[in-house]
>>> print(open('target.csv').read())   # CSV, C-alpha atoms
chain,number,residue,atom,x,y,z
D,1346,MET,CA,-16.7,58.2,209.3
D,1347,ILE,CA,-18.4,61.1,207.5
D,1348,GLY,CA,-16.0,63.6,209.1
D,1349,ARG,CA,-13.0,61.5,208.0
D,1350,ASN,CA,-14.4,61.5,204.4
D,1351,LYS,CA,-14.6,65.3,204.5
D,1352,MET,CA,-11.0,65.6,205.6
D,1353,HIS,CA,-9.9,63.1,203.0
D,1354,TYR,CA,-11.5,65.4,200.4
D,1355,ARG,CA,-9.2,68.2,201.0
D,1356,GLY,CA,-6.5,65.9,199.7
D,1357,PHE,CA,-8.4,65.3,196.5
D,1358,MET,CA,-9.4,68.9,195.8
D,1359,ALA,CA,-6.3,70.4,194.4
D,1360,ALA,CA,-6.1,67.8,191.7
D,1361,ALA,CA,-9.8,67.7,191.3
D,1362,LEU,CA,-10.1,71.4,190.3
D,1363,ALA,CA,-8.0,70.9,187.3
D,1364,LEU,CA,-9.5,67.5,186.5
D,1365,ALA,CA,-13.0,68.9,186.7
D,1366,LEU,CA,-12.2,71.4,184.0
D,1367,SER,CA,-10.6,68.9,181.7
D,1368,GLY,CA,-13.1,66.0,182.4
D,1369,LEU,CA,-12.4,63.3,179.9
D,1370,ALA,CA,-10.8,65.6,177.3
D,1371,ALA,CA,-8.2,63.0,176.4
D,1372,SER,CA,-10.9,60.6,175.4
D,1373,SER,CA,-12.4,63.2,173.1
D,1374,ALA,CA,-9.2,63.8,171.1
D,1375,LEU,CA,-9.9,63.0,167.5
D,1376,ALA,CA,-7.4,61.8,164.9
D,1377,ASP,CA,-9.6,62.5,161.9
D,1378,ASP,CA,-8.7,65.9,160.6
D,1379,THR,CA,-11.7,65.8,158.2
D,1380,ILE,CA,-14.1,66.5,161.1
D,1381,PRO,CA,-15.4,70.1,160.9
D,1382,PRO,CA,-14.2,72.4,163.7
D,1383,GLU,CA,-17.8,72.9,164.8
D,1384,ALA,CA,-18.2,69.2,165.4
D,1385,LYS,CA,-14.9,69.0,167.3
D,1386,ALA,CA,-16.0,71.8,169.5
D,1387,LEU,CA,-19.2,70.0,170.4
D,1388,LEU,CA,-17.1,66.9,171.4
D,1389,GLU,CA,-15.1,68.9,174.0
D,1390,PRO,CA,-16.5,68.1,177.5
D,1391,LEU,CA,-18.1,70.8,179.5
D,1392,PRO,CA,-16.6,71.7,182.9
D,1393,LEU,CA,-18.1,69.8,185.8
D,1394,SER,CA,-20.8,71.2,188.0
D,1395,PRO,CA,-19.1,71.7,191.4
D,1396,ARG,CA,-21.2,69.5,193.6
D,1397,GLY,CA,-23.2,66.3,193.6
D,1398,GLN,CA,-26.3,64.9,195.3
D,1399,PRO,CA,-26.9,66.1,198.8
D,1400,VAL,CA,-26.5,63.2,201.2
D,1401,PRO,CA,-26.1,62.9,205.0
D,1402,GLY,CA,-22.8,64.6,205.9
D,1403,PHE,CA,-22.9,66.7,202.8
D,1404,PRO,CA,-26.1,68.8,202.9
D,1405,ASP,CA,-24.9,70.9,199.9
D,1406,GLY,CA,-23.6,67.9,198.0
D,1407,PRO,CA,-20.1,66.5,198.1
D,1408,PRO,CA,-17.5,67.9,195.7
D,1409,ALA,CA,-17.9,66.4,192.3
D,1410,LEU,CA,-14.6,64.8,191.3
D,1411,SER,CA,-13.4,63.4,188.0
D,1412,PRO,CA,-12.9,59.6,187.5
D,1413,ASP,CA,-9.2,60.5,187.0
D,1414,VAL,CA,-8.7,60.4,190.8
D,1415,LEU,CA,-9.3,56.6,190.8
D,1416,LYS,CA,-5.7,55.2,190.5
D,1417,PHE,CA,-4.0,51.9,191.3
D,1418,SER,CA,-0.5,51.0,192.3
D,1419,ASP,CA,1.1,47.7,191.0
D,1420,GLU,CA,0.7,46.4,194.6
D,1421,ASP,CA,-3.0,47.2,194.5
D,1422,LEU,CA,-3.5,45.3,191.2
D,1423,ALA,CA,-1.6,42.3,192.6
D,1424,LYS,CA,-3.8,42.2,195.7
D,1425,LEU,CA,-7.0,42.4,193.6
D,1426,LYS,CA,-5.8,39.5,191.5
D,1427,ALA,CA,-5.2,37.4,194.6
D,1428,GLY,CA,-8.3,38.6,196.5
D,1429,LYS,CA,-10.9,36.4,194.7
D,1430,PHE,CA,-13.4,39.2,195.2
D,1431,THR,CA,-17.0,38.8,193.8
D,1432,ALA,CA,-19.6,41.3,192.6
D,1433,GLY,CA,-23.3,41.4,191.8
D,1434,LEU,CA,-25.2,43.9,189.6
D,1435,VAL,CA,-28.8,44.8,190.5
D,1436,MET,CA,-30.1,46.8,187.6
D,1437,HIS,CA,-33.3,48.8,187.2
D,1438,THR,CA,-33.8,47.6,183.6
D,1439,MET,CA,-31.7,46.1,180.9
D,1440,ASP,CA,-34.0,47.2,178.1
D,1441,ALA,CA,-32.0,50.2,176.8
D,1442,GLY,CA,-28.6,51.2,175.7
D,1443,TRP,CA,-27.7,53.0,178.9
D,1444,PRO,CA,-27.9,50.0,181.3
D,1445,GLN,CA,-26.3,47.7,178.8
D,1446,LEU,CA,-23.3,50.0,178.4
D,1447,GLN,CA,-23.1,50.4,182.2
D,1448,VAL,CA,-23.0,46.7,182.7
D,1449,SER,CA,-20.4,46.3,179.9
D,1450,GLY,CA,-18.1,48.9,181.5
D,1451,ILE,CA,-18.4,47.4,184.9
D,1452,SER,CA,-18.0,43.8,183.9
D,1453,ASN,CA,-15.1,44.3,181.5
D,1454,THR,CA,-13.2,46.4,184.1
D,1455,LEU,CA,-13.9,44.0,186.9
D,1456,LYS,CA,-12.6,41.1,184.7
D,1457,ASP,CA,-9.4,43.0,184.1
D,1458,LEU,CA,-9.0,43.6,187.9
D,1459,GLY,CA,-9.6,39.9,188.7
D,1460,ILE,CA,-13.1,40.4,190.3
D,1461,GLU,CA,-15.8,37.9,189.4
D,1462,VAL,CA,-19.3,38.9,188.5
D,1463,VAL,CA,-21.7,36.4,190.1
D,1464,GLY,CA,-24.9,37.7,188.6
D,1465,THR,CA,-26.8,40.6,186.9
D,1466,THR,CA,-30.5,41.2,187.5
D,1467,ASP,CA,-33.1,43.1,185.5
D,1468,ALA,CA,-36.0,44.6,187.6
D,1469,LYS,CA,-37.9,45.8,184.4
D,1470,PHE,CA,-38.4,49.1,186.1
D,1471,GLN,CA,-40.5,47.6,189.0
D,1472,PRO,CA,-39.3,48.7,192.4
D,1473,GLY,CA,-40.8,45.6,194.1
D,1474,GLN,CA,-38.9,43.4,191.7
D,1475,GLN,CA,-35.7,45.2,192.4
D,1476,ILE,CA,-36.1,44.8,196.1
D,1477,SER,CA,-36.6,41.0,195.5
D,1478,ASP,CA,-33.5,41.0,193.2
D,1479,LEU,CA,-31.5,42.8,195.8
D,1480,GLU,CA,-32.5,40.3,198.6
D,1481,GLN,CA,-31.5,37.4,196.4
D,1482,MET,CA,-28.2,39.0,195.5
D,1483,ILE,CA,-27.5,39.6,199.2
D,1484,ALA,CA,-28.0,35.9,199.8
D,1485,ARG,CA,-25.2,35.2,197.4
D,1486,LYS,CA,-22.9,37.2,199.6
D,1487,PRO,CA,-20.8,39.1,197.0
D,1488,ASP,CA,-18.2,41.5,198.2
D,1489,VAL,CA,-19.7,44.4,196.4
D,1490,ILE,CA,-23.1,45.2,194.7
D,1491,PHE,CA,-23.5,47.8,192.0
D,1492,SER,CA,-27.0,49.2,191.6
D,1493,ILE,CA,-29.2,52.1,190.5
D,1494,PRO,CA,-32.4,52.3,192.6
D,1495,ILE,CA,-35.7,52.7,190.8
D,1496,ASP,CA,-37.4,54.3,193.8
D,1497,PRO,CA,-34.7,55.7,196.1
D,1498,LYS,CA,-37.3,56.2,198.8
D,1499,SER,CA,-39.1,52.9,199.1
D,1500,GLU,CA,-36.0,50.8,198.4
D,1501,SER,CA,-33.7,52.5,201.0
D,1502,GLU,CA,-34.3,49.9,203.7
D,1503,ALA,CA,-33.4,47.0,201.3
D,1504,TYR,CA,-30.1,48.6,200.4
D,1505,LYS,CA,-29.4,49.3,204.1
D,1506,LYS,CA,-29.7,45.5,204.6
D,1507,ALA,CA,-27.0,44.9,202.1
D,1508,ALA,CA,-24.8,47.4,203.9
D,1509,ALA,CA,-25.5,45.8,207.2
D,1510,ALA,CA,-24.5,42.4,205.7
D,1511,GLY,CA,-21.1,43.8,205.1
D,1512,ILE,CA,-21.5,44.2,201.3
D,1513,LYS,CA,-20.0,47.3,199.8
D,1514,LEU,CA,-22.4,49.3,197.7
D,1515,VAL,CA,-21.5,51.4,194.6
D,1516,PHE,CA,-24.4,53.4,193.2
D,1517,MET,CA,-25.0,54.6,189.6
D,1518,ASP,CA,-26.5,58.1,189.4
D,1519,ASN,CA,-28.7,57.9,192.5
D,1520,VAL,CA,-28.3,57.3,196.2
D,1521,PRO,CA,-31.3,55.9,198.2
D,1522,VAL,CA,-32.6,58.4,200.8
D,1523,ASP,CA,-31.0,58.6,204.2
D,1524,MET,CA,-27.8,56.6,203.2
D,1525,ALA,CA,-24.5,58.1,204.0
D,1526,PRO,CA,-21.2,57.7,202.1
D,1527,GLY,CA,-18.5,55.9,204.0
D,1528,LYS,CA,-21.1,54.3,206.2
D,1529,ASP,CA,-23.8,52.9,204.1
D,1530,TYR,CA,-22.2,52.9,200.7
D,1531,VAL,CA,-18.9,53.6,199.0
D,1532,THR,CA,-19.7,56.2,196.3
D,1533,VAL,CA,-22.1,57.2,193.6
D,1534,VAL,CA,-20.8,57.7,190.0
D,1535,ALA,CA,-23.0,59.9,187.9
D,1536,SER,CA,-23.0,62.0,184.8
D,1537,ASP,CA,-23.3,65.8,185.2
D,1538,ASN,CA,-27.0,65.5,184.8
D,1539,GLU,CA,-27.9,69.1,185.5
D,1540,LYS,CA,-25.5,70.4,182.8
D,1541,ASN,CA,-26.7,67.6,180.4
D,1542,ALA,CA,-30.2,69.0,180.6
D,1543,TYR,CA,-29.1,72.6,180.6
D,1544,PHE,CA,-27.3,72.1,177.3
D,1545,ALA,CA,-30.3,70.3,175.7
D,1546,ALA,CA,-32.8,72.9,176.9
D,1547,GLN,CA,-30.7,75.8,175.6
D,1548,GLU,CA,-30.5,74.1,172.2
D,1549,LEU,CA,-34.4,73.8,172.2
D,1550,VAL,CA,-34.7,77.5,173.0
D,1551,GLY,CA,-32.4,78.4,170.1
D,1552,ALA,CA,-34.3,76.2,167.7
D,1553,ILE,CA,-37.6,78.0,168.4
D,1554,GLY,CA,-36.2,81.5,168.2
D,1555,GLY,CA,-36.1,82.2,171.9
D,1556,LYS,CA,-39.9,82.5,172.3
D,1557,GLY,CA,-42.9,80.4,172.8
D,1558,GLU,CA,-44.4,77.6,174.9
D,1559,VAL,CA,-42.3,74.6,175.9
D,1560,GLY,CA,-42.9,71.5,178.1
D,1561,ILE,CA,-40.9,69.2,180.2
D,1562,ILE,CA,-41.6,65.4,180.6
D,1563,THR,CA,-39.8,63.6,183.4
D,1564,LEU,CA,-40.0,60.8,185.9
D,1565,VAL,CA,-42.6,61.1,188.6
D,1566,TYR,CA,-40.2,60.4,191.4
D,1567,ASP,CA,-38.8,63.8,192.3
D,1568,TYR,CA,-36.4,62.3,194.8
D,1569,TYR,CA,-34.8,60.3,192.0
D,1570,TYR,CA,-31.8,62.6,192.0
D,1571,SER,CA,-30.2,62.2,188.6
D,1572,VAL,CA,-33.5,62.8,186.8
D,1573,ALA,CA,-34.5,65.6,189.3
D,1574,ALA,CA,-31.2,67.3,188.5
D,1575,ARG,CA,-32.2,67.2,184.8
D,1576,LYS,CA,-35.4,68.9,185.5
D,1577,VAL,CA,-33.5,71.6,187.5
D,1578,GLY,CA,-31.1,72.1,184.5
D,1579,ALA,CA,-33.9,72.4,182.0
D,1580,LEU,CA,-35.8,74.9,184.1
D,1581,LYS,CA,-32.7,76.9,184.7
D,1582,ALA,CA,-32.1,77.1,180.9
D,1583,PHE,CA,-35.7,78.0,180.1
D,1584,GLY,CA,-35.8,80.5,183.0
D,1585,GLU,CA,-33.0,82.5,181.4
D,1586,HIS,CA,-35.3,83.5,178.5
D,1587,PRO,CA,-38.1,85.8,179.4
D,1588,ASP,CA,-40.1,85.0,176.2
D,1589,ILE,CA,-40.0,81.2,176.9
D,1590,LYS,CA,-43.0,79.9,178.9
D,1591,VAL,CA,-42.9,76.5,180.5
D,1592,ALA,CA,-46.5,75.6,179.9
D,1593,ASP,CA,-46.5,72.2,181.4
D,1594,VAL,CA,-44.4,69.7,183.3
D,1595,GLY,CA,-45.6,66.1,182.8
D,1596,THR,CA,-44.5,63.0,184.7
D,1597,PHE,CA,-44.5,59.2,184.0
D,1598,THR,CA,-43.9,56.2,186.2
D,1599,ALA,CA,-42.2,54.1,183.4
D,1600,PRO,CA,-40.7,55.2,180.0
D,1601,GLU,CA,-43.5,53.7,177.9
D,1602,LYS,CA,-46.0,55.9,179.7
D,1603,ALA,CA,-44.4,59.0,178.2
D,1604,TYR,CA,-46.5,58.5,175.0
D,1605,GLU,CA,-49.8,59.2,176.8
D,1606,VAL,CA,-48.3,62.0,178.8
D,1607,ALA,CA,-47.0,63.7,175.7
D,1608,THR,CA,-50.3,63.2,173.9
D,1609,ALA,CA,-52.2,64.9,176.7
D,1610,MET,CA,-49.7,67.7,176.9
D,1611,LEU,CA,-49.7,68.5,173.2
D,1612,THR,CA,-53.5,68.3,173.1
D,1613,ALA,CA,-53.8,70.7,176.0
D,1614,HIS,CA,-51.3,73.1,174.5
D,1615,PRO,CA,-51.8,73.5,170.7
D,1616,ASP,CA,-49.2,76.2,170.5
D,1617,MET,CA,-46.4,74.3,172.3
D,1618,LYS,CA,-43.2,74.4,170.2
D,1619,GLY,CA,-40.9,72.0,172.0
D,1620,ILE,CA,-40.4,69.5,174.8
D,1621,PHE,CA,-37.4,68.5,176.9
D,1622,VAL,CA,-37.6,64.9,177.9
D,1623,ALA,CA,-35.6,63.5,180.8
D,1624,TRP,CA,-33.9,60.7,178.8
D,1625,ASP,CA,-33.9,59.1,175.4
D,1626,THR,CA,-36.2,56.2,175.8
D,1627,PRO,CA,-39.3,58.2,176.9
D,1628,ALA,CA,-38.2,60.9,174.4
D,1629,GLN,CA,-38.8,58.3,171.6
D,1630,GLN,CA,-42.3,57.9,172.9
D,1631,VAL,CA,-42.8,61.7,172.8
D,1632,VAL,CA,-41.6,61.7,169.1
D,1633,ALA,CA,-44.2,59.0,168.4
D,1634,ALA,CA,-47.0,60.9,170.1
D,1635,ALA,CA,-46.2,64.1,168.2
D,1636,LYS,CA,-46.2,62.2,164.9
D,1637,THR,CA,-49.6,60.6,165.7
D,1638,LEU,CA,-51.0,64.1,166.4
D,1639,GLY,CA,-49.4,65.6,163.3
D,1640,ARG,CA,-47.5,68.0,165.4
D,1641,ASP,CA,-44.1,69.4,164.4
D,1642,ILE,CA,-42.2,70.1,167.6
D,1643,VAL,CA,-38.6,70.3,168.7
D,1644,VAL,CA,-37.5,67.5,171.1
D,1645,THR,CA,-34.3,67.5,173.1
D,1646,THR,CA,-33.2,65.0,175.7
D,1647,ASN,CA,-30.4,63.3,177.6
D,1648,ASP,CA,-28.5,60.0,177.0
D,1649,ILE,CA,-27.7,58.3,173.7
D,1650,ALA,CA,-27.2,54.8,172.4
D,1651,ALA,CA,-27.3,53.1,169.0
D,1652,ASP,CA,-31.1,53.1,169.0
D,1653,SER,CA,-31.7,56.7,170.0
D,1654,ALA,CA,-28.9,57.8,167.6
D,1655,LEU,CA,-31.3,57.0,164.8
D,1656,ASN,CA,-33.6,59.7,166.3
D,1657,VAL,CA,-30.8,62.2,166.1
D,1658,ALA,CA,-29.9,61.2,162.6
D,1659,ARG,CA,-33.5,61.6,161.5
D,1660,GLY,CA,-33.7,65.0,163.1
D,1661,GLU,CA,-36.3,63.8,165.6
D,1662,PHE,CA,-34.0,64.7,168.5
D,1663,LEU,CA,-32.4,68.1,167.9
D,1664,ALA,CA,-29.8,67.8,170.7
D,1665,VAL,CA,-28.8,65.4,173.4
D,1666,GLY,CA,-26.8,66.1,176.6
D,1667,ALA,CA,-25.3,62.6,176.7
D,1668,GLN,CA,-24.0,60.5,179.5
D,1669,ARG,CA,-21.0,58.2,179.0
D,1670,PRO,CA,-22.5,55.1,180.6
D,1671,TYR,CA,-19.6,52.8,179.6
D,1672,ASP,CA,-17.1,55.2,181.1
D,1673,GLN,CA,-19.3,55.5,184.2
D,1674,GLY,CA,-19.2,51.7,184.5
D,1675,VAL,CA,-15.4,51.7,184.3
D,1676,ALA,CA,-15.3,54.3,187.1
D,1677,GLU,CA,-17.8,52.4,189.2
D,1678,ALA,CA,-15.7,49.2,188.9
D,1679,LYS,CA,-12.5,51.1,189.8
D,1680,ALA,CA,-14.1,52.7,192.8
D,1681,ALA,CA,-15.4,49.4,194.1
D,1682,ALA,CA,-12.0,47.8,193.7
D,1683,LEU,CA,-10.3,50.6,195.6
D,1684,ALA,CA,-12.8,50.2,198.4
D,1685,LEU,CA,-12.3,46.5,198.6
D,1686,LEU,CA,-8.6,47.2,199.2
D,1687,GLY,CA,-9.5,49.5,202.0
D,1688,HIS,CA,-8.6,52.8,200.2
D,1689,ASP,CA,-10.7,55.9,200.6
D,1690,VAL,CA,-13.0,56.7,197.7
D,1691,PRO,CA,-14.6,60.1,196.9
D,1692,PRO,CA,-18.3,60.0,197.7
D,1693,TYR,CA,-19.3,61.6,194.4
D,1694,ILE,CA,-17.6,61.0,191.1
D,1695,SER,CA,-19.0,62.9,188.0
D,1696,VAL,CA,-18.5,62.3,184.3
D,1697,PRO,CA,-18.8,65.5,182.2
D,1698,THR,CA,-21.4,66.3,179.6
D,1699,LEU,CA,-21.0,65.2,176.0
D,1700,ARG,CA,-22.9,67.5,173.6
D,1701,VAL,CA,-24.5,65.6,170.8
D,1702,LYS,CA,-26.2,67.0,167.6
D,1703,LYS,CA,-26.5,65.6,164.2
D,1704,LEU,CA,-23.2,67.3,163.2
D,1705,ASP,CA,-21.0,65.3,165.7
D,1706,LEU,CA,-23.3,62.3,166.0
D,1707,LEU,CA,-20.9,59.5,164.7
D,1708,SER,CA,-18.0,60.7,166.8
D,1709,ALA,CA,-20.1,61.2,169.9
D,1710,LEU,CA,-21.7,57.8,169.5
D,1711,LYS,CA,-18.3,56.1,169.3
D,1712,GLN,CA,-17.2,57.9,172.5
D,1713,VAL,CA,-20.3,56.6,174.3
D,1714,THR,CA,-20.5,53.0,173.0
D,1715,LYS,CA,-16.8,52.4,172.2
D,1716,GLU,CA,-17.8,51.1,168.8
D,1717,ASP,CA,-18.3,52.6,165.3
D,1718,ALA,CA,-21.8,53.8,164.6
D,1719,PRO,CA,-24.1,51.1,163.1
D,1720,ALA,CA,-24.5,51.1,159.4
D,1721,SER,CA,-28.2,52.1,159.8
D,1722,VAL,CA,-27.2,55.3,161.5
D,1723,VAL,CA,-24.5,56.1,159.0
D,1724,LYS,CA,-27.0,55.6,156.1
D,1725,ILE,CA,-29.6,57.9,157.6
D,1726,CYS,CA,-26.9,60.6,158.2
D,1727,ASN,CA,-26.2,60.6,154.5
D,1728,GLY,CA,-22.9,62.4,154.9
D,1729,GLU,CA,-24.2,65.1,157.3
D,1730,CYS,CA,-22.8,63.5,160.5
D,1731,PHE,CA,-19.2,63.3,161.6
>>> encode(input="target.csv", output="structure tokens")
Amino acid sequence: MIGRNKMHYRGFMAAALALALSGLAASSALADDTIPPEAKALLEPLPLSPRGQPVPGFPDGPPALSPDVLKFSDEDLAKLKAGKFTAGLVMHTMDAGWPQLQVSGISNTLKDLGIEVVGTTDAKFQPGQQISDLEQMIARKPDVIFSIPIDPKSESEAYKKAAAAGIKLVFMDNVPVDMAPGKDYVTVVASDNEKNAYFAAQELVGAIGGKGEVGIITLVYDYYYSVAARKVGALKAFGEHPDIKVADVGTFTAPEKAYEVATAMLTAHPDMKGIFVAWDTPAQQVVAAAKTLGRDIVVTTNDIAADSALNVARGEFLAVGAQRPYDQGVAEAKAAALALLGHDVPPYISVPTLRVKKLDLLSALKQVTKEDAPASVVKICNGECF
């Protein structure tokens, strides 16, 4: 099965090379000519990193392909409508903009394709709860399950049970350890996490004049690939500047724990000038910790939603390498539908980096959420965001 997937990939690669460079450029086209050229430039997606998460059969990672390869014929759409397929969503948390947008993208697309969602679970970032949620979802016998594992190591056996039950699996951002595409799961759809972090870390370096102590705060699970890739991207960016010293790398088990991690880090390093944080929710905790300590530091991160857009508007986040979770959800739903029809699906689908700063905040947020920025964000921007 894995060998067949590799051969199938040769068929995808010619188109993928061009698509990887363009990413979602069409979605970033802007009709408003009042947007400054600098803001428009930020909205152009970066080229995709060439490979995704290493998995069995692809030790260097499978080719990272654009969602544009996921296409349906009229016959496919008719079969889906007649198929009465069902799907379940087993989420790590629902308490943030990212999972909410993922679920919206998946659910809306499945509805358009005639696939019924039978349930969505919220594990509240507890691996044990997610295993229980997964077992209950398996008992409902959906045709496909969408999920992002909290702990890709300890939860692997639970996901393998779903695969053994004949349920197709589509992962968001991370693959549980020792699971192979085409055998144990269909595909994983992820953002270009390494490049997201690389961009944000480079912006931090520029803001502090290319010299000084910086820190990284990330998830404790190093085998959680999407977050581990962000750490790699940040370290790569910092490593390109000889006068930048990574003074500390702190880890947390849940986003709210980032407050105490940041407090300890900033207390131990009174000269630290900036921190890259793995995603926006823990980054908000880092901002709060710095304020409590009276420290003026530069914070950059990944991911954005309506709540964390306020941090950008207030200048608390200098730069964000943003995922497009709604677009990821659309791609995940399409990949699942193609698999349900028996079509081959690439094992790794990647959505390119969206660069977000205060200058392009309103346009970037609309790209991510598919809605106009909330009035609260517009008000804080005070005419400085486009």
>>> closest_residue(input="target.csv", among="D:Gly1557, D:Gly1473, D:Pro1408, D:Pro1494", to="D:Ile1620", atoms="all atoms listed in the file")
D:Gly1557
>>> closest_residue(input="target.csv", among="D:Gln1447, D:Thr1645, D:Gln1668, D:Thr1698", to="D:Val1550", atoms="only C-alpha atoms")
D:Thr1645
>>> closest_residue(input="target.csv", among="D:Ser1449, D:Thr1431, D:Thr1379, D:Asn1538", to="D:Leu1393", atoms="only C-alpha atoms")
D:Asn1538
>>> residues_around(input="target.csv", residues="stretch 1529-1537 of chain D", least_positions_apart="3", cutoff="6 Å", atoms="all atoms listed in the file", output="list in words")
Ala1508, Leu1514, Val1515, Phe1516, Met1517, Asp1518, Met1524, Ala1525, Pro1526, Lys1540, Gln1668, Pro1692, Tyr1693, Ile1694, Ser1695, Val1696, Pro1697 and Thr1698 of chain D
>>> atom_distance(input="target.csv", atom1="atom CA of D:Pro1600", atom2="atom CA of D:Ile1493")
15.9 Å
>>> closest_atom_pairs(input="target.csv", of="stretch 1639-1722 of chain D", to="stretch 1625-1633 of chain D", cutoff="8 Å", atoms="only C-alpha atoms", output="tab-separated table")
residue	atom	partner	partner_atom	distance
D:Val1644	CA	D:Val1632	CA	7.4
D:Thr1645	CA	D:Ala1628	CA	7.8
D:Thr1646	CA	D:Asp1625	CA	5.9
D:Asn1647	CA	D:Asp1625	CA	5.9
D:Asp1648	CA	D:Asp1625	CA	5.7
D:Ile1649	CA	D:Asp1625	CA	6.5
D:Ser1653	CA	D:Asp1625	CA	6.3
D:Asn1656	CA	D:Gln1629	CA	7.6
D:Glu1661	CA	D:Val1632	CA	6.7
>>> atom_distance(input="target.csv", atom1="atom CA of D:Ser1708", atom2="atom CA of D:Leu1663")
16.2 Å
>>> residues_near_point(input="target.csv", point="(-8.7, 58.7, 188.0)", cutoff="10 Å", atoms="all atoms listed in the file", output="PDB file with C-alpha atoms, keeping the file's coordinate frame")
ATOM      1  CA  ALA D1361      -9.800  67.700 191.300  1.00  0.00           C
ATOM      2  CA  LEU D1364      -9.500  67.500 186.500  1.00  0.00           C
ATOM      3  CA  LEU D1410     -14.600  64.800 191.300  1.00  0.00           C
ATOM      4  CA  SER D1411     -13.400  63.400 188.000  1.00  0.00           C
ATOM      5  CA  PRO D1412     -12.900  59.600 187.500  1.00  0.00           C
ATOM      6  CA  ASP D1413      -9.200  60.500 187.000  1.00  0.00           C
ATOM      7  CA  VAL D1414      -8.700  60.400 190.800  1.00  0.00           C
ATOM      8  CA  LEU D1415      -9.300  56.600 190.800  1.00  0.00           C
ATOM      9  CA  LYS D1416      -5.700  55.200 190.500  1.00  0.00           C
ATOM     10  CA  PHE D1417      -4.000  51.900 191.300  1.00  0.00           C
ATOM     11  CA  ALA D1676     -15.300  54.300 187.100  1.00  0.00           C
ATOM     12  CA  LYS D1679     -12.500  51.100 189.800  1.00  0.00           C
ATOM     13  CA  ALA D1680     -14.100  52.700 192.800  1.00  0.00           C
ATOM     14  CA  ILE D1694     -17.600  61.000 191.100  1.00  0.00           C
TER      15      ILE D1694
END
>>> residues_near_point(input="target.csv", point="(-13.8, 38.7, 196.5)", cutoff="8 Å", atoms="only C-alpha atoms", output="MDAnalysis selection string")
chainID D and resid 1428:1432 1460:1461 1487:1488
>>> residues_around(input="target.csv", residues="D:Gly1433", least_positions_apart="2", cutoff="9 Å", atoms="all atoms listed in the file", output="mmCIF file with C-alpha atoms, keeping the file's coordinate frame")
data_model
loop_
_atom_site.group_PDB
_atom_site.id
_atom_site.type_symbol
_atom_site.label_atom_id
_atom_site.label_comp_id
_atom_site.auth_asym_id
_atom_site.auth_seq_id
_atom_site.Cartn_x
_atom_site.Cartn_y
_atom_site.Cartn_z
ATOM 1 C CA THR D 1431 -17.000 38.800 193.800
ATOM 2 C CA VAL D 1435 -28.800 44.800 190.500
ATOM 3 C CA GLU D 1461 -15.800 37.900 189.400
ATOM 4 C CA VAL D 1462 -19.300 38.900 188.500
ATOM 5 C CA VAL D 1463 -21.700 36.400 190.100
ATOM 6 C CA GLY D 1464 -24.900 37.700 188.600
ATOM 7 C CA THR D 1465 -26.800 40.600 186.900
ATOM 8 C CA THR D 1466 -30.500 41.200 187.500
ATOM 9 C CA MET D 1482 -28.200 39.000 195.500
ATOM 10 C CA ILE D 1483 -27.500 39.600 199.200
ATOM 11 C CA ARG D 1485 -25.200 35.200 197.400
ATOM 12 C CA LYS D 1486 -22.900 37.200 199.600
ATOM 13 C CA PRO D 1487 -20.800 39.100 197.000
ATOM 14 C CA ASP D 1488 -18.200 41.500 198.200
ATOM 15 C CA VAL D 1489 -19.700 44.400 196.400
ATOM 16 C CA ILE D 1490 -23.100 45.200 194.700
ATOM 17 C CA PHE D 1491 -23.500 47.800 192.000
ATOM 18 C CA SER D 1492 -27.000 49.200 191.600
#
>>> residues_around(input="target.csv", residues="D:Val1643", least_positions_apart="6", cutoff="9 Å", atoms="all atoms listed in the file", output="PyMOL selection string")
chain D and resi 1549+1552-1553+1618-1621+1661-1663
>>> closest_residue(input="target.csv", among="D:Gly1560, D:Ile1642, D:Gly1406, D:Ala1574", to="D:Val1606", atoms="only C-alpha atoms")
D:Gly1560
>>> atom_distance(input="target.csv", atom1="atom CA of D:Ser1452", atom2="atom CA of D:Thr1598")
28.8 Å
>>> closest_residue(input="target.csv", among="D:Ala1623, D:Val1690, D:Val1522, D:Ile1562", to="D:Ala1542", atoms="only C-alpha atoms")
D:Ala1623
>>> decode(input="target.csv", residues="stretch 1635-1641 of chain D", atoms="N, CA and C atoms", output="JSON list (two decimals), in the first residue's frame")
[["chain", "number", "residue", "atom", "x", "y", "z"],
["D", 1635, "ALA", "N", 4.36, 38.87, 31.22],
["D", 1635, "ALA", "CA", 5.29, 39.99, 31.04],
["D", 1635, "ALA", "C", 4.72, 41.28, 31.64],
["D", 1636, "LYS", "N", 3.41, 41.50, 31.46],
["D", 1636, "LYS", "CA", 2.78, 42.69, 32.05],
["D", 1636, "LYS", "C", 2.84, 42.65, 33.57],
["D", 1637, "THR", "N", 2.58, 41.50, 34.15],
["D", 1637, "THR", "CA", 2.62, 41.36, 35.60],
["D", 1637, "THR", "C", 4.01, 41.69, 36.14],
["D", 1638, "LEU", "N", 5.03, 41.28, 35.41],
["D", 1638, "LEU", "CA", 6.41, 41.52, 35.83],
["D", 1638, "LEU", "C", 6.92, 42.90, 35.43],
["D", 1639, "GLY", "N", 6.12, 43.63, 34.68],
["D", 1639, "GLY", "CA", 6.55, 44.96, 34.23],
["D", 1639, "GLY", "C", 7.63, 44.89, 33.17],
["D", 1640, "ARG", "N", 7.65, 43.81, 32.39],
["D", 1640, "ARG", "CA", 8.68, 43.63, 31.36],
["D", 1640, "ARG", "C", 8.16, 44.01, 29.98],
["D", 1641, "ASP", "N", 8.95, 44.77, 29.25],
["D", 1641, "ASP", "CA", 8.62, 45.18, 27.89],
["D", 1641, "ASP", "C", 9.39, 44.26, 26.93]]
